[in-house]
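One structure is given here, and the rest of the page talks about it.
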Amino acid sequence: MIASLLNKQKFQRYIDSLKFALYCITHPFDGFWDLTHERRGTYAAANTILILTLIVRVMKLRYTSFIFLNVYWEELNIFLYLASIVFPLSLWVVGNWGLTTLFDGKGRLGQVYMATCYAITPYPLIQFPLMIFSNFVTVDEAEFYAVLSMISLIWAALLMIAAMSQIHEYTMRKTLLFVVFSLFAMLVIIFILMLFFSMITQGIAYFISLGREILFRL
């Protein structure tokens, strides 16, 4: 009985935190403050929003009208396609947290991740109906489709800025500055990863060639 009650409470908290995403995208400054400081958000809801975003991205490939999107399936790697979303998001979270930690940022790594996921809520909310809408419009109405699609991206970007401002307790000027710095941090992380994997590849190649040389001499 107690376990059942606890499960119901957890599920209700999950549903409430998922609904709270709608409040965040319409009242960003109050919403993102309450998201972390008042613990109105949950990682489960954040993960759900991210998964829904990935699902919508994949569905767009299949169900968006060919007028707006041409997909060459034989050249498409779905895992790389999904990684092109998850990898930059991960770089953003790590880069932003790493920088702001050094400059009195209040947000923790998990909070940066949660706020980022909540901030991308407009993307699936707009792109899903837009995907369906694309099959009922003509070429002459393509500009309307493009504008709505761009709105979902701009809205998410503005929400992300507001989110970083609230969880780190920065002024808007300082937030914008660290958004730019975070983008540079992402490039630095990519460079370090490329250098790391390059060294590993060269190391493996060296030991393989050394092994072959030993076998040849034996």
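Naming works like this for the structure tokens: A, B, ... for the chains as they're shown, residue 1 at the start of each chain, ligands 1 onward in shown order.
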
If you count only C-alpha atoms, which residues fall within 12 Å of Phe136 of chain A, apart from same-chain ones fewer than 5 positions away, as a PDB file with C-alpha atoms, in the first residue's frame?
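See selection13.pdb below for the written result:
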```pdb
ATOM      1  CA  TYR A  63       6.786  12.380 -42.744  1.00  0.00           C
ATOM      2  CA  THR A  64       7.750  15.897 -43.848  1.00  0.00           C
ATOM      3  CA  SER A  65       6.614  16.640 -47.396  1.00  0.00           C
ATOM      4  CA  PHE A  66       9.299  16.253 -50.065  1.00  0.00           C
ATOM      5  CA  ILE A  67       8.590  19.869 -51.014  1.00  0.00           C
ATOM      6  CA  PHE A  68      10.359  20.994 -47.832  1.00  0.00           C
ATOM      7  CA  PRO A 129       2.346  19.818 -36.017  1.00  0.00           C
ATOM      8  CA  LEU A 130       4.470  21.593 -38.616  1.00  0.00           C
ATOM      9  CA  MET A 131       5.546  18.216 -39.972  1.00  0.00           C
ATOM     10  CA  GLU A 141       3.267  28.647 -48.817  1.00  0.00           C
ATOM     11  CA  ALA A 142       6.815  27.430 -48.180  1.00  0.00           C
ATOM     12  CA  TYR A 145       6.564  26.845 -43.114  1.00  0.00           C
TER      13      TYR A 145
END
```

Can you tell me, as a ChimeraX atom specification, what residues are no more than 9 Å from segment 180-196 of chain A when counting only C-alpha atoms, ignoring any on the same chain fewer than 5 positions away? /A:88,91-100,175,201

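Atom CA of Glu169 of chain A lies 27.8 Å from atom CA of Leu125 of chain A.
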
Give one line per residue of segment 107-126 of chain A that approaches segment 149-160 of chain A to at most 7 Å, naming the two atoms of the closest pair and their distance in Å to one decimal, counting only C-alpha atoms; sort by chain then ascending residue number and deliver it as JSON lines.
```
{"residue": "A:Thr116", "atom": "CA", "partner": "A:Met160", "partner_atom": "CA", "distance": 6.0}
{"residue": "A:Ala119", "atom": "CA", "partner": "A:Leu159", "partner_atom": "CA", "distance": 5.2}
{"residue": "A:Ile120", "atom": "CA", "partner": "A:Ala156", "partner_atom": "CA", "distance": 4.9}
{"residue": "A:Pro122", "atom": "CA", "partner": "A:Ser152", "partner_atom": "CA", "distance": 5.5}
{"residue": "A:Tyr123", "atom": "CA", "partner": "A:Ser152", "partner_atom": "CA", "distance": 5.0}
{"residue": "A:Ile126", "atom": "CA", "partner": "A:Ser152", "partner_atom": "CA", "distance": 6.1}
```

Taking only C-alpha atoms into account, name the residue in A:Tyr118, A:Phe144, A:Trp73, A:Phe216 that is nearest to Arg40 of chain A. A:Tyr118

Exercise: Phe29 of chain A partners within 12 Å, only C-alpha atoms, chain neighbours under 5 positions left out, as an MDAnalysis selection string: chainID A and resid 23:24 34:37 115 119 158:167 169:172

Write out as a count of residues only the residues lying within 12 Å of segment 11-13 of chain A, counting only C-alpha atoms and excluding same-chain residues fewer than 4 positions away. 15

Report as an mmCIF file with C-alpha atoms, in the first residue's frame all protein, DNA and RNA residues lying within 10 Å of Leu52 of chain A, evaluated on only C-alpha atoms, omitting residues in the same chain fewer than 2 positions from it.
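Done, and the output landed in part28.cif:
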```cif
data_model
loop_
_atom_site.group_PDB
_atom_site.id
_atom_site.type_symbol
_atom_site.label_atom_id
_atom_site.label_comp_id
_atom_site.auth_asym_id
_atom_site.auth_seq_id
_atom_site.Cartn_x
_atom_site.Cartn_y
_atom_site.Cartn_z
ATOM 1 C CA ALA A 46 14.136 16.617 -18.931
ATOM 2 C CA ASN A 47 15.031 13.240 -20.440
ATOM 3 C CA THR A 48 11.495 12.913 -21.816
ATOM 4 C CA ILE A 49 11.726 16.286 -23.561
ATOM 5 C CA LEU A 50 15.082 15.343 -25.072
ATOM 6 C CA LEU A 54 14.978 13.191 -31.035
ATOM 7 C CA ILE A 55 11.834 11.296 -32.043
ATOM 8 C CA VAL A 56 10.398 14.352 -33.780
ATOM 9 C CA ARG A 57 13.704 14.903 -35.599
ATOM 10 C CA VAL A 58 13.572 11.347 -36.957
ATOM 11 C CA THR A 121 10.585 22.324 -25.471
ATOM 12 C CA TYR A 123 11.117 22.515 -30.874
ATOM 13 C CA PRO A 124 8.974 19.347 -30.574
ATOM 14 C CA LEU A 125 5.860 21.389 -29.777
ATOM 15 C CA PHE A 128 5.506 18.009 -34.810
#
```

If you measure from atom CA of Pro28 of chain A to atom CA of Asp104 of chain A, what distance in Å do you get, rounded to one decimal? 21.8 Å

Extract the full set of alpha helix (DSSP H) residues from segment 18-168 of chain A according to DSSP on the backbone, and format it as a PyMOL selection string. chain A and resi 18-26+28-37+43-63+78-102+109-119+122-133+142-168
